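Take a look at the structure below.
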Amino acid sequence: MLLDPIRVQTGRLTMRFLLGVLVGYCLRGKQRLLIATLTAIAVGCFIVLPAIALSLLALDVRRERLSRPPQTSVPALIGLDYKTAQTKARDANLSIRILAERRDLPLEPGTIIAQTPQGGERVDCGTVVGVTLSGEDQGKKQVTQ
């Protein structure tokens with residue numbers, strides 16, 4: 001929130017004026033009731049009200065943070081087999097969905113070669129992690145038969 005410079009300046013001048021009046025009456029030593037009243041007004045306006053406003057703001061921020069869903073860190077799943085990756089994701093309160101399967105890579109079938117979101121990212125609990133698995137090359141399978 002940006003503060004309006006004119007309002008800030010006006011507030012400073014008002015505070016200086018009130019403090020000047022208080023100091024003037026204190027120096028003269030007369031009308032103690034007026035001095036006490038002005039002191040109470042100044043303390044209320046410049047100390048108590050801002051303290052109450054800041055306390056309410058702090059409570060509002062705390063409520064907003066508590067209303068957010070819990071988050072977890074995404075584990076690194078690349079290079080793991082599907083079963084191990086599924087266990088790691090479940091331990092982190094996440095689930096896995098196979099997005100694609102690539103059969104053109106010389107890797108053991110069922111190995112995770114890509115994931116989204118990436119390992120280490122913070123996400124809401126229950127988020128689905130999309131993975132790409134390596135599959136068995138169909139050309140090699142036909143040659144061996």
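Here, A, B, ... name the chains of the structure tokens in the order displayed, residue numbers run from 1 inside each chain, and ligands are numbered from 1 in the same displayed order.
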Just want the 6 Å neighbourhood of region 75-84 of chain A, counted on only C-alpha atoms, with same-chain residues fewer than 4 positions away dropped. Output as a list in words.
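That gives Gly110, Thr111, Ile112, Ile113, Ala114 and Gly119 of chain A.
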Where in chain A does DSSP assign strand (DSSP E or B), given as number ranges by chain?
A: 71-73, 81, 95-102, 111-116, 122-124, 128-134
Quick one: residues within 12 Å of region 124-134 of chain A, only C-alpha atoms counted, chain neighbours fewer than 6 positions away excluded, as a PyMOL selection string?
chain A and resi 68-83+85-86+88-118
Please save N, CA and C atoms of the selected residues as a short mmCIF file (atom, residue, chain, number, x, y, z; two decimals), in the first residue's frame.
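The result, stored in part35.cif:
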```
data_model
loop_
_atom_site.label_atom_id
_atom_site.label_comp_id
_atom_site.auth_asym_id
_atom_site.auth_seq_id
_atom_site.Cartn_x
_atom_site.Cartn_y
_atom_site.Cartn_z
N ARG A 68 -4.74 -21.46 4.09
CA ARG A 68 -4.11 -22.05 2.91
C ARG A 68 -4.00 -23.56 3.08
N PRO A 69 -4.09 -24.30 1.98
CA PRO A 69 -3.92 -25.75 2.10
C PRO A 69 -2.46 -26.08 2.44
N PRO A 70 -2.24 -27.20 3.15
CA PRO A 70 -0.87 -27.57 3.50
C PRO A 70 -0.06 -27.89 2.24
N GLN A 71 1.22 -27.59 2.30
CA GLN A 71 2.08 -27.83 1.14
C GLN A 71 3.15 -28.86 1.46
N THR A 72 3.71 -29.43 0.40
CA THR A 72 4.77 -30.42 0.53
C THR A 72 5.77 -30.19 -0.59
N SER A 73 6.93 -30.79 -0.44
CA SER A 73 7.98 -30.68 -1.46
C SER A 73 7.91 -31.90 -2.37
N VAL A 74 8.00 -31.67 -3.68
CA VAL A 74 7.93 -32.76 -4.64
C VAL A 74 9.26 -33.52 -4.62
N PRO A 75 9.21 -34.85 -4.43
CA PRO A 75 10.46 -35.62 -4.45
C PRO A 75 10.98 -35.77 -5.88
N ALA A 76 12.29 -35.96 -6.01
CA ALA A 76 12.89 -36.21 -7.32
C ALA A 76 12.62 -37.66 -7.69
N LEU A 77 11.90 -37.87 -8.79
CA LEU A 77 11.48 -39.21 -9.19
C LEU A 77 12.22 -39.71 -10.42
N ILE A 78 12.94 -38.85 -11.11
CA ILE A 78 13.61 -39.23 -12.35
C ILE A 78 14.69 -40.26 -12.04
N GLY A 79 14.68 -41.35 -12.83
CA GLY A 79 15.66 -42.42 -12.65
C GLY A 79 15.14 -43.57 -11.80
N LEU A 80 14.01 -43.39 -11.14
CA LEU A 80 13.43 -44.44 -10.30
C LEU A 80 12.47 -45.29 -11.12
N ASP A 81 12.23 -46.52 -10.66
CA ASP A 81 11.19 -47.32 -11.31
C ASP A 81 9.83 -46.83 -10.80
N TYR A 82 8.76 -47.22 -11.50
CA TYR A 82 7.44 -46.67 -11.21
C TYR A 82 6.97 -46.99 -9.80
N LYS A 83 7.18 -48.23 -9.34
CA LYS A 83 6.71 -48.62 -8.00
C LYS A 83 7.39 -47.81 -6.91
N ALA A 85 8.82 -44.87 -7.23
CA ALA A 85 8.38 -43.48 -7.37
C ALA A 85 6.98 -43.29 -6.78
N GLN A 86 6.13 -44.28 -6.98
CA GLN A 86 4.77 -44.20 -6.43
C GLN A 86 4.81 -44.18 -4.90
N LYS A 88 7.39 -43.11 -3.01
CA LYS A 88 7.95 -41.81 -2.59
C LYS A 88 6.91 -40.70 -2.70
N ALA A 89 6.12 -40.73 -3.77
CA ALA A 89 5.09 -39.70 -3.96
C ALA A 89 4.00 -39.84 -2.88
N ARG A 90 3.60 -41.06 -2.58
CA ARG A 90 2.58 -41.28 -1.56
C ARG A 90 3.09 -40.81 -0.19
N ASP A 91 4.36 -41.04 0.11
CA ASP A 91 4.94 -40.57 1.37
C ASP A 91 4.93 -39.05 1.48
N ALA A 92 4.98 -38.36 0.34
CA ALA A 92 4.95 -36.90 0.31
C ALA A 92 3.53 -36.36 0.12
N ASN A 93 2.51 -37.21 0.28
CA ASN A 93 1.09 -36.84 0.11
C ASN A 93 0.78 -36.36 -1.30
N LEU A 94 1.38 -37.03 -2.28
CA LEU A 94 1.15 -36.72 -3.70
C LEU A 94 0.71 -37.99 -4.41
N SER A 95 0.24 -37.85 -5.64
CA SER A 95 -0.07 -39.02 -6.45
C SER A 95 0.60 -38.88 -7.81
N ILE A 96 0.70 -40.01 -8.53
CA ILE A 96 1.41 -40.03 -9.82
C ILE A 96 0.43 -40.38 -10.93
N ARG A 97 0.64 -39.74 -12.08
CA ARG A 97 -0.11 -40.08 -13.29
C ARG A 97 0.88 -40.19 -14.44
N ILE A 98 0.76 -41.26 -15.20
CA ILE A 98 1.63 -41.46 -16.36
C ILE A 98 1.10 -40.59 -17.49
N LEU A 99 1.95 -39.68 -17.96
CA LEU A 99 1.55 -38.79 -19.05
C LEU A 99 1.94 -39.33 -20.41
N ALA A 100 3.10 -40.02 -20.46
CA ALA A 100 3.59 -40.53 -21.74
C ALA A 100 4.53 -41.70 -21.48
N GLU A 101 4.78 -42.44 -22.56
CA GLU A 101 5.72 -43.54 -22.50
C GLU A 101 6.60 -43.46 -23.74
N ARG A 102 7.90 -43.42 -23.52
CA ARG A 102 8.84 -43.34 -24.65
C ARG A 102 9.52 -44.68 -24.82
N ARG A 103 9.47 -45.18 -26.05
CA ARG A 103 10.03 -46.51 -26.34
C ARG A 103 11.34 -46.42 -27.11
N ASP A 104 11.82 -45.22 -27.37
CA ASP A 104 13.02 -45.05 -28.18
C ASP A 104 14.29 -44.85 -27.36
N LEU A 105 14.24 -45.07 -26.08
CA LEU A 105 15.40 -44.85 -25.21
C LEU A 105 15.97 -46.18 -24.75
N PRO A 106 17.29 -46.26 -24.63
CA PRO A 106 17.91 -47.52 -24.19
C PRO A 106 17.92 -47.66 -22.66
N LEU A 107 16.76 -47.53 -22.05
CA LEU A 107 16.63 -47.65 -20.60
C LEU A 107 15.75 -48.84 -20.27
N GLU A 108 15.86 -49.29 -19.04
CA GLU A 108 15.00 -50.38 -18.58
C GLU A 108 13.56 -49.91 -18.61
N PRO A 109 12.65 -50.71 -19.11
CA PRO A 109 11.24 -50.31 -19.16
C PRO A 109 10.70 -50.02 -17.75
N GLY A 110 9.88 -48.98 -17.65
CA GLY A 110 9.28 -48.60 -16.37
C GLY A 110 10.08 -47.58 -15.59
N THR A 111 11.19 -47.10 -16.15
CA THR A 111 12.01 -46.08 -15.49
C THR A 111 11.46 -44.70 -15.81
N ILE A 112 11.37 -43.86 -14.80
CA ILE A 112 10.85 -42.50 -15.00
C ILE A 112 11.95 -41.64 -15.61
N ILE A 113 11.63 -40.98 -16.75
CA ILE A 113 12.62 -40.16 -17.44
C ILE A 113 12.30 -38.66 -17.37
N ALA A 114 11.10 -38.31 -16.97
CA ALA A 114 10.73 -36.89 -16.81
C ALA A 114 9.57 -36.79 -15.83
N GLN A 115 9.49 -35.63 -15.17
CA GLN A 115 8.38 -35.40 -14.24
C GLN A 115 8.00 -33.94 -14.24
N THR A 116 6.73 -33.69 -13.93
CA THR A 116 6.27 -32.32 -13.75
C THR A 116 5.23 -32.32 -12.64
N PRO A 117 5.33 -31.49 -11.64
CA PRO A 117 6.36 -30.50 -11.35
C PRO A 117 7.70 -31.17 -11.00
N GLN A 118 8.74 -30.39 -11.13
CA GLN A 118 10.10 -30.88 -10.92
C GLN A 118 10.35 -31.17 -9.44
#
```
Atom-to-atom span, CA of Cys45 (chain A) and CA of Val21 (chain A), Å
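Pair CA of Cys45 (chain A) / CA of Val21 (chain A) returns 15.2 Å.
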Kindly give the distance, in Å, that separates CA of Leu49 (chain A) and CA of Arg65 (chain A), rounded to a single decimal.
24.6 Å
By how many Å are CA of Met15 (chain A) and CA of Phe46 (chain A) apart?
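Atom-to-atom, CA of Met15 (chain A) and CA of Phe46 (chain A) are spaced 7.8 Å apart.
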Enumerate as a ChimeraX atom specification all residues of region 11-142 of chain A assigned to helix (DSSP H, G or I) by DSSP on the backbone, naming them with the chain letters and numbers the document uses.
/A:11-28,32-67,82-91,138-142
